[in-house]
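Asker: Just so it is clear, I am handing over entry.cif, which has mmCIF, C-alpha atoms and all ligand atoms.
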```
data_work
loop_
_atom_site.label_atom_id
_atom_site.label_comp_id
_atom_site.auth_asym_id
_atom_site.auth_seq_id
_atom_site.Cartn_x
_atom_site.Cartn_y
_atom_site.Cartn_z
CA MET A 1 140.99 221.62 -35.82
CA MET A 2 140.95 224.68 -38.05
CA GLY A 3 137.44 225.47 -39.22
CA ILE A 4 136.51 226.76 -42.66
CA PHE A 5 135.21 230.09 -41.38
CA LYS A 6 136.82 233.17 -39.87
CA ALA A 7 138.23 232.22 -36.48
CA HIS A 8 136.57 235.10 -34.62
CA ILE A 9 133.15 234.08 -35.97
CA GLU A 10 133.67 230.45 -35.03
CA ALA A 11 134.52 231.62 -31.52
CA MET A 12 131.28 233.62 -31.16
CA SER A 13 127.97 232.41 -29.76
CA ALA A 14 124.62 232.76 -31.51
CA TYR A 15 121.97 235.30 -30.60
CA GLN A 16 119.38 232.92 -29.21
CA PRO A 17 116.30 234.49 -27.68
CA PRO A 18 114.64 232.11 -25.17
CA LEU A 19 111.94 230.76 -27.47
CA GLU A 20 111.69 227.29 -25.97
CA GLY A 21 108.40 226.41 -24.31
CA ARG A 22 106.94 229.72 -25.40
CA ASN A 23 103.57 228.33 -26.35
CA PRO A 24 100.96 231.03 -27.05
CA ASP A 25 98.22 228.51 -26.22
CA ASP A 26 99.55 228.21 -22.68
CA TYR A 27 100.74 231.72 -21.87
CA THR A 28 100.03 235.41 -22.18
CA LEU A 29 103.30 236.46 -23.83
CA LEU A 30 104.66 239.57 -22.12
CA ASP A 31 108.29 238.63 -22.77
CA PHE A 32 109.17 239.79 -26.32
CA ASN A 33 107.56 243.26 -26.56
CA GLU A 34 105.14 242.01 -29.17
CA ARG A 35 101.64 243.23 -29.88
CA THR A 36 99.55 241.03 -27.58
CA ILE A 37 96.37 240.82 -29.67
CA PRO A 38 95.83 239.70 -33.28
CA ILE A 39 96.16 242.02 -36.24
CA SER A 40 93.06 243.38 -38.00
CA ALA A 41 90.84 241.27 -40.25
CA PRO A 42 91.56 243.16 -43.54
CA ILE A 43 95.26 242.30 -43.28
CA LYS A 44 94.55 238.62 -42.82
CA GLN A 45 92.13 238.78 -45.75
CA ALA A 46 94.73 240.51 -47.95
CA LEU A 47 97.18 237.65 -47.27
CA ILE A 48 94.56 235.02 -48.08
CA ASP A 49 93.55 236.90 -51.24
CA TYR A 50 97.17 237.11 -52.35
CA ILE A 51 97.60 233.36 -52.04
CA GLU A 52 94.47 232.90 -54.12
CA THR A 53 95.92 234.99 -56.97
CA ASP A 54 98.37 232.15 -57.67
CA ARG A 55 101.48 234.28 -57.83
CA LEU A 56 103.64 232.59 -55.21
CA GLN A 57 105.76 231.07 -57.99
CA GLN A 58 106.93 234.57 -58.92
CA TYR A 59 109.70 236.62 -57.30
CA PRO A 60 108.51 239.46 -55.05
CA PHE A 61 107.30 242.68 -56.63
CA TYR A 62 107.52 245.72 -54.36
CA GLY A 63 105.26 248.11 -56.29
CA ASN A 64 104.73 251.49 -54.63
CA ILE A 65 105.39 250.43 -51.03
CA CYS A 66 108.43 252.75 -50.64
CA GLN A 67 106.34 255.72 -51.76
CA ARG A 68 103.62 254.77 -49.27
CA LEU A 69 106.16 254.49 -46.46
CA ALA A 70 107.66 257.82 -47.49
CA ASN A 71 104.20 259.42 -47.17
CA TYR A 72 103.71 257.79 -43.78
CA CYS A 73 107.10 259.09 -42.58
CA CYS A 74 106.88 262.53 -44.27
CA VAL A 75 110.13 261.99 -46.22
CA ASP A 76 110.92 261.54 -49.93
CA GLU A 77 110.72 258.15 -51.58
CA ASN A 78 114.47 258.12 -52.28
CA GLN A 79 115.06 258.35 -48.51
CA VAL A 80 113.35 254.98 -47.91
CA MET A 81 114.60 251.42 -48.26
CA LEU A 82 112.91 248.13 -47.33
CA SER A 83 114.60 245.61 -45.07
CA ASN A 84 113.88 242.14 -43.74
CA GLY A 85 112.86 243.38 -40.29
CA SER A 86 114.89 246.04 -38.54
CA ASP A 87 117.40 243.30 -37.71
CA GLN A 88 118.47 243.34 -41.35
CA GLY A 89 118.55 247.14 -41.36
CA ILE A 90 120.92 247.05 -38.39
CA GLU A 91 123.07 244.45 -40.11
CA LEU A 92 123.28 246.36 -43.40
CA ILE A 93 124.29 249.61 -41.72
CA ILE A 94 127.01 248.05 -39.58
CA ARG A 95 128.33 245.86 -42.43
CA ALA A 96 128.46 248.76 -44.87
CA ALA A 97 130.19 251.09 -42.39
CA ALA A 98 132.69 248.65 -40.81
CA GLN A 99 136.38 248.94 -41.64
CA ALA A 100 139.50 247.19 -40.40
CA ASP A 101 140.45 248.53 -36.94
CA GLY A 102 137.13 250.36 -36.78
CA GLU A 103 135.16 251.02 -33.62
CA ILE A 104 131.46 251.02 -32.77
CA ILE A 105 129.86 252.70 -29.77
CA ILE A 106 127.02 250.62 -28.30
CA PRO A 107 125.83 251.89 -24.91
CA GLN A 108 124.79 248.99 -22.66
CA PRO A 109 122.60 247.30 -21.69
CA SER A 110 120.88 247.21 -25.05
CA PHE A 111 119.37 245.08 -27.78
CA ALA A 112 121.71 242.16 -28.58
CA MET A 113 121.72 242.46 -32.37
CA TYR A 114 124.09 245.46 -32.54
CA GLU A 115 126.83 243.63 -30.70
CA GLN A 116 126.23 240.45 -32.67
CA VAL A 117 126.81 242.14 -36.03
CA ALA A 118 129.67 244.27 -34.70
CA LYS A 119 131.47 241.11 -33.57
CA VAL A 120 130.99 239.46 -36.96
CA GLU A 121 132.50 242.56 -38.57
CA GLY A 122 135.42 242.50 -36.14
CA LEU A 123 134.73 246.00 -34.84
CA LYS A 124 136.09 247.12 -31.49
CA ILE A 125 133.04 247.63 -29.27
CA VAL A 126 132.98 250.59 -26.89
CA SER A 127 130.14 250.44 -24.35
CA PRO A 128 129.37 253.39 -22.10
CA ALA A 129 126.67 252.58 -19.52
CA TYR A 130 123.04 253.67 -19.44
CA SER A 131 121.88 254.81 -16.03
CA ARG A 132 118.52 254.85 -14.30
CA GLU A 133 118.92 258.56 -13.57
CA ARG A 134 120.32 259.91 -16.83
CA GLY A 135 119.30 257.33 -19.43
CA TYR A 136 121.50 257.41 -22.55
CA PRO A 137 125.13 258.21 -21.62
CA LEU A 138 125.33 261.18 -24.00
CA GLU A 139 128.48 262.83 -22.61
CA GLU A 140 130.32 259.49 -22.38
CA VAL A 141 129.40 258.67 -25.97
CA LEU A 142 130.64 262.06 -27.16
CA ALA A 143 133.87 261.52 -25.24
CA ALA A 144 134.31 258.04 -26.74
CA ILE A 145 134.28 259.24 -30.38
CA THR A 146 137.64 258.76 -32.13
CA ALA A 147 138.91 258.86 -35.71
CA ALA A 148 138.23 255.09 -35.83
CA THR A 149 134.54 255.37 -34.84
CA ARG A 150 132.48 253.89 -37.68
CA VAL A 151 129.05 253.50 -36.05
CA ILE A 152 127.29 255.02 -33.04
CA VAL A 153 124.12 253.27 -31.89
CA ILE A 154 121.17 255.09 -30.40
CA ALA A 155 118.31 252.70 -29.66
CA ASN A 156 115.45 255.15 -29.33
CA PRO A 157 113.80 254.06 -27.10
CA ASN A 158 116.31 251.57 -25.80
CA ASN A 159 115.54 247.95 -25.06
CA PRO A 160 115.39 246.85 -22.20
CA CYS A 161 115.25 250.19 -20.42
CA GLY A 162 112.85 252.25 -22.57
CA THR A 163 114.81 255.53 -22.27
CA LEU A 164 114.89 258.16 -25.06
CA VAL A 165 117.47 260.60 -26.40
CA ASP A 166 115.94 263.87 -27.63
CA ASN A 167 116.69 265.28 -31.09
CA ALA A 168 119.08 267.88 -29.66
CA GLY A 169 121.18 265.05 -28.20
CA ILE A 170 121.07 263.12 -31.48
CA ALA A 171 122.14 266.25 -33.39
CA ARG A 172 125.11 266.72 -31.03
CA ILE A 173 126.29 263.18 -31.72
CA ALA A 174 125.73 263.48 -35.49
CA GLU A 175 127.77 266.70 -35.52
CA ALA A 176 130.56 265.29 -33.36
CA ALA A 177 131.08 262.24 -35.63
CA PRO A 178 130.37 263.41 -39.19
CA GLU A 179 132.16 260.43 -40.72
CA ALA A 180 130.44 257.77 -38.62
CA ALA A 181 127.05 256.19 -39.28
CA ILE A 182 124.63 257.25 -36.54
CA LEU A 183 122.26 254.29 -36.25
CA ILE A 184 118.96 255.39 -34.74
CA ASP A 185 116.80 252.36 -33.95
CA GLU A 186 113.17 253.51 -33.93
CA CYS A 187 111.73 250.02 -33.57
CA TYR A 188 109.14 251.27 -31.05
CA TYR A 189 108.38 254.51 -32.90
CA GLU A 190 104.58 254.28 -32.84
CA TYR A 191 104.63 253.78 -29.05
CA SER A 192 107.13 256.52 -28.26
CA ALA A 193 105.85 258.96 -30.91
CA ALA A 194 109.42 260.29 -31.01
CA SER A 195 111.42 260.35 -34.24
CA CYS A 196 114.48 262.11 -35.60
CA ALA A 197 113.28 261.85 -39.23
CA SER A 198 113.19 265.66 -39.32
CA LEU A 199 117.00 265.67 -38.84
CA LEU A 200 117.69 263.62 -41.97
CA THR A 201 118.04 266.57 -44.35
CA LYS A 202 120.54 268.32 -42.09
CA TYR A 203 122.59 265.30 -41.02
CA SER A 204 123.48 262.94 -43.85
CA ASN A 205 125.20 260.52 -41.45
CA ILE A 206 121.95 259.54 -39.67
CA VAL A 207 120.30 256.24 -40.64
CA ILE A 208 117.00 255.30 -38.98
CA THR A 209 115.71 251.73 -38.71
CA ARG A 210 111.97 251.08 -38.33
CA THR A 211 109.76 248.00 -38.34
CA PHE A 212 106.26 246.55 -38.69
CA SER A 213 107.11 244.01 -35.98
CA LYS A 214 105.85 245.84 -32.91
CA THR A 215 102.74 248.05 -32.99
CA TRP A 216 101.73 246.76 -36.42
CA GLY A 217 101.90 243.20 -35.13
CA LEU A 218 103.77 241.54 -38.02
CA PRO A 219 107.08 240.21 -36.59
CA SER A 220 106.42 236.80 -38.13
CA LEU A 221 106.56 238.30 -41.64
CA ARG A 222 109.81 240.28 -41.13
CA PHE A 223 109.12 243.70 -42.60
CA GLY A 224 111.23 246.73 -41.76
CA TYR A 225 112.57 249.82 -43.47
CA LEU A 226 115.38 252.37 -43.29
CA LEU A 227 115.24 256.15 -43.60
CA SER A 228 118.32 258.14 -44.56
CA ALA A 229 119.83 260.54 -47.10
CA PRO A 230 119.32 259.32 -50.71
CA GLN A 231 123.05 258.61 -51.23
CA ASN A 232 123.09 256.33 -48.17
CA ILE A 233 120.02 254.46 -49.40
CA GLN A 234 121.77 253.91 -52.76
CA THR A 235 124.85 252.55 -51.01
CA LEU A 236 122.90 250.25 -48.69
CA LEU A 237 121.02 248.88 -51.70
CA ASN A 238 124.44 247.73 -52.97
CA VAL A 239 124.58 245.42 -49.95
CA ARG A 240 120.97 244.18 -49.66
CA GLY A 241 119.71 241.40 -51.92
CA PRO A 242 116.98 242.24 -54.45
CA TYR A 243 114.38 239.88 -52.91
CA ASP A 244 115.28 239.92 -49.23
CA ILE A 245 111.80 241.12 -48.28
CA ASN A 246 109.17 238.52 -49.05
CA GLN A 247 105.93 239.17 -50.91
CA MET A 248 103.62 238.26 -48.02
CA ALA A 249 105.31 240.96 -45.94
CA ILE A 250 104.62 243.51 -48.68
CA VAL A 251 100.99 242.43 -48.95
CA ALA A 252 100.48 242.66 -45.19
CA ALA A 253 102.28 245.99 -44.81
CA SER A 254 100.28 247.52 -47.68
CA ALA A 255 97.02 246.36 -46.12
CA ALA A 256 98.19 247.67 -42.74
CA LEU A 257 98.92 251.10 -44.22
CA ASP A 258 95.42 251.07 -45.73
CA SER A 259 93.89 250.83 -42.24
CA PRO A 260 96.38 252.11 -39.65
CA GLU A 261 93.62 252.72 -37.12
CA TYR A 262 94.00 249.20 -35.64
CA THR A 263 97.53 250.20 -34.67
CA ARG A 264 96.57 253.57 -33.22
CA THR A 265 93.75 252.06 -31.16
CA TYR A 266 96.12 249.49 -29.69
CA VAL A 267 98.84 252.06 -28.98
CA ARG A 268 96.33 254.27 -27.17
CA GLU A 269 95.13 251.41 -24.99
CA VAL A 270 98.66 250.29 -24.13
CA MET A 271 100.26 253.70 -23.61
CA ASP A 272 97.37 255.77 -22.20
CA GLU A 273 95.57 253.16 -20.11
CA ALA A 274 97.41 249.92 -19.43
CA LYS A 275 100.91 251.29 -18.87
CA PRO A 276 99.89 254.06 -16.44
CA LEU A 277 97.87 251.44 -14.53
CA LEU A 278 100.91 249.16 -14.21
CA GLU A 279 103.14 252.10 -13.26
CA ARG A 280 100.74 253.20 -10.51
CA PHE A 281 100.60 249.65 -9.19
CA LEU A 282 104.40 249.30 -9.14
CA ASP A 283 104.68 252.73 -7.46
CA GLU A 284 102.22 251.68 -4.75
CA ARG A 285 104.11 248.45 -4.15
CA GLY A 286 107.46 250.22 -4.05
CA VAL A 287 108.81 248.25 -7.03
CA ASP A 288 111.36 250.37 -8.89
CA TYR A 289 111.34 250.53 -12.70
CA TRP A 290 113.09 252.59 -15.39
CA PRO A 291 111.10 255.41 -16.98
CA SER A 292 110.03 254.04 -20.36
CA ALA A 293 108.80 255.59 -23.62
CA ALA A 294 107.90 252.17 -25.04
CA ASN A 295 105.42 249.34 -24.50
CA TYR A 296 107.49 247.71 -21.77
CA LEU A 297 108.77 248.40 -18.29
CA TRP A 298 112.01 247.14 -16.81
CA ALA A 299 111.07 246.51 -13.18
CA PHE A 300 113.23 245.48 -10.25
CA PRO A 301 111.24 243.54 -7.63
CA GLU A 302 113.05 242.02 -4.67
CA GLN A 303 112.87 238.44 -5.91
CA PRO A 304 112.79 238.72 -9.70
CA GLU A 305 113.40 235.08 -10.57
CA ALA A 306 110.82 233.81 -8.09
CA MET A 307 108.34 236.38 -9.38
CA ALA A 308 108.95 235.35 -13.02
CA GLU A 309 108.36 231.72 -12.04
CA ALA A 310 105.18 232.55 -10.15
CA LEU A 311 103.88 234.57 -13.10
CA ALA A 312 104.68 231.68 -15.47
CA ALA A 313 102.73 229.36 -13.18
CA ASP A 314 99.83 231.81 -13.55
CA GLY A 315 100.19 231.68 -17.35
CA ILE A 316 102.15 234.91 -17.92
CA LEU A 317 105.67 235.06 -19.39
CA VAL A 318 107.99 238.03 -18.71
CA ARG A 319 111.70 238.39 -19.54
CA PRO A 320 114.42 238.50 -16.86
CA LYS A 321 117.19 240.91 -17.91
CA ALA A 322 120.18 241.78 -15.73
CA ASP A 323 121.52 245.33 -15.47
CA LEU A 324 125.24 246.04 -15.74
CA ASN A 325 125.72 245.36 -12.02
CA GLY A 326 124.22 241.91 -12.45
CA ARG A 327 120.99 242.89 -10.71
CA VAL A 328 118.14 241.07 -12.42
CA GLY A 329 115.06 243.00 -13.47
CA LEU A 330 111.97 241.82 -15.28
CA ARG A 331 111.25 243.36 -18.65
CA ILE A 332 107.49 243.30 -18.82
CA THR A 333 105.65 243.94 -22.09
CA VAL A 334 102.53 246.01 -21.53
CA GLY A 335 99.52 244.56 -23.34
CA THR A 336 95.83 245.43 -23.21
CA LEU A 337 94.06 246.78 -20.14
CA ALA A 338 92.54 243.36 -19.42
CA GLN A 339 95.91 241.61 -19.73
CA THR A 340 97.49 244.23 -17.46
CA GLU A 341 94.79 243.75 -14.85
CA GLN A 342 95.46 240.01 -14.99
CA LEU A 343 99.20 240.68 -14.63
CA ILE A 344 98.65 242.99 -11.65
CA GLN A 345 96.53 240.34 -9.98
CA ALA A 346 99.24 237.74 -10.51
CA ILE A 347 101.98 240.04 -9.14
CA SER A 348 99.78 240.94 -6.14
CA GLY A 349 99.27 237.24 -5.46
CA PHE A 350 103.02 236.66 -5.50
CA LEU A 351 103.81 239.68 -3.28
CA ALA A 352 101.17 238.62 -0.77
CA LYS A 353 102.92 235.28 -0.15
C1 LIG A 401 115.48 247.81 -30.05
C2 LIG A 401 115.08 246.76 -31.02
N1 LIG A 401 115.51 246.85 -32.29
C3 LIG A 401 115.18 245.92 -33.21
C4 LIG A 401 114.41 244.82 -32.88
C5 LIG A 401 114.13 243.79 -33.95
O1 LIG A 401 113.00 244.09 -34.65
P1 LIG A 401 112.61 243.39 -36.02
O2 LIG A 401 111.57 242.37 -35.71
O3 LIG A 401 112.07 244.51 -36.85
O4 LIG A 401 113.83 242.80 -36.62
C6 LIG A 401 113.94 244.68 -31.57
C7 LIG A 401 113.13 243.51 -31.21
O5 LIG A 401 112.90 243.20 -30.09
C8 LIG A 401 114.29 245.67 -30.62
O6 LIG A 401 113.88 245.60 -29.36
#
```
Could you quickly redo this structure as structure tokens?

Answerer:
Amino acid sequence: MMGIFKAHIEAMSAYQPPLEGRNPDDYTLLDFNERTIPISAPIKQALIDYIETDRLQQYPFYGNICQRLANYCCVDENQVMLSNGSDQGIELIIRAAAQADGEIIIPQPSFAMYEQVAKVEGLKIVSPAYSRERGYPLEEVLAAITAATRVIVIANPNNPCGTLVDNAGIARIAEAAPEAAILIDECYYEYSAASCASLLTKYSNIVITRTFSKTWGLPSLRFGYLLSAPQNIQTLLNVRGPYDINQMAIVAASAALDSPEYTRTYVREVMDEAKPLLERFLDERGVDYWPSAANYLWAFPEQPEAMAEALAADGILVRPKADLNGRVGLRITVGTLAQTEQLIQAISGFLAK
């Protein structure tokens, strides 16, 4: 039977992360690259206080949040736009850039959302491969650019592999495809401390997506933002709805920006203590993993599925993710030092069997 929607969308499958059975009361969640400890008390209080003001019956009011984000990112206010998580930022960019017979370059493996939106828009997807040795396939991407290229995706760092492209590489791509949108996903920016925001004035085709979902610990509230040239922000605002970002997200993000130290403290513990500890352990045990600039490692033990099951039995969830050859690795979110010690103990127990 003919459906009521576009045939190619009816033929697609949904992006369904494995949420089932993911009970935070039962497990340490090292499977979604989330912050693994609660957010700071002032943010929770700000949310409670907002509810008490009795303004939930009103539409959201965004106040000066764009200016505050601009200060945080060292850009101008007219280079900032709010989005409902970076997922919406990704969607807006691809929707606004897509054209009939257009192409998008999405190196693989990568975060599923780019492909999802590209399929909805009917774009032809070109997918050069990441490699363990060279990371982002820069030369292959440059070679894949055509007159039909509408979007080029650079997940920086990439998920699941954690690899980075430096700003010189990004500039080469932006120069080689001046009429394409260069989507730079800086979802893990505070972990990687790498950004191409300084390239925005020179390259008006770069659009950066950012989020409060990871280090800031607010994925449940869906708060993200875009950085780009003012004319791109104006155009993307023609696509986004006026209230797509909810008021609780604004309240929480404002309170978070008032006291960013809780984020910095967590990032330091994860990146300077816990992650090096896990890397040393994996090195000692001869377990290979991709070099990562983010709060996760993609590791390739000999029996990944059995290890994931054993870890789950010990109360720790990790995420199996296959590489392009079908070899399954475990993407492991790095949490606090104590959680990492617990993880190492659980892996040691499994390897000793
Ligand atoms: C590379 C990448 N981009 C975007 C997202 C989505 O983030 P948000 O919660 O801001 O939509 C994720 C989440 O895992 C991610 O890994």

Asker: To one decimal place, how far is atom CA of A:Ile43 from atom CA of A:Ala255 in Å?

Answerer: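 Atom-to-atom, atom CA of A:Ile43 and atom CA of A:Ala255 are spaced 5.3 Å apart.
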
Asker: At what distance in Å, to one decimal, does atom CA of A:Met248 lie from atom CA of A:Asp54?

Answerer: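 Distance reported for this atom pair: 12.6 Å.
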
Asker: One number please: atom CA of A:Ile250 to atom O1 of ligand LIG 401 (chain A), in Å, one decimal.

Answerer: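 The value is 16.4 Å.
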
Asker: Select, from A:Tyr203, A:Val287, A:Glu273, A:Arg222, the residue with the minimum atom-to-atom distance to A:Asp244, counting only C-alpha atoms.

Answerer: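 So, comparing all the options, the nearest one is A:Arg222.
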
Asker: Report as a short mmCIF file (atom, residue, chain, number, x, y, z; two decimals) with C-alpha atoms, in the frame of the given file which protein, DNA and RNA residues come within 7 Å of ligand LIG 401 (chain A), using only C-alpha atoms and all ligand atoms.

Answerer:
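New file selection_13.cif:
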```cif
data_model
loop_
_atom_site.label_atom_id
_atom_site.label_comp_id
_atom_site.auth_asym_id
_atom_site.auth_seq_id
_atom_site.Cartn_x
_atom_site.Cartn_y
_atom_site.Cartn_z
CA PHE A 32 109.17 239.79 -26.32
CA ASN A 33 107.56 243.26 -26.56
CA GLY A 85 112.86 243.38 -40.29
CA SER A 86 114.89 246.04 -38.54
CA ASP A 87 117.40 243.30 -37.71
CA GLN A 88 118.47 243.34 -41.35
CA PHE A 111 119.37 245.08 -27.78
CA ALA A 155 118.31 252.70 -29.66
CA ASN A 158 116.31 251.57 -25.80
CA ASN A 159 115.54 247.95 -25.06
CA ASP A 185 116.80 252.36 -33.95
CA CYS A 187 111.73 250.02 -33.57
CA ARG A 210 111.97 251.08 -38.33
CA THR A 211 109.76 248.00 -38.34
CA PHE A 212 106.26 246.55 -38.69
CA SER A 213 107.11 244.01 -35.98
CA PRO A 219 107.08 240.21 -36.59
CA ARG A 222 109.81 240.28 -41.13
CA PHE A 223 109.12 243.70 -42.60
CA GLY A 224 111.23 246.73 -41.76
#
```

Asker: Find, counting only C-alpha atoms, the residue in A:Leu56, A:Leu30, A:Leu218, A:Leu138 that gets nearest to A:Gln342.

Answerer: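 Of A:Leu56, A:Leu30, A:Leu218, A:Leu138, the one nearest A:Gln342 is A:Leu30, counting only C-alpha atoms.
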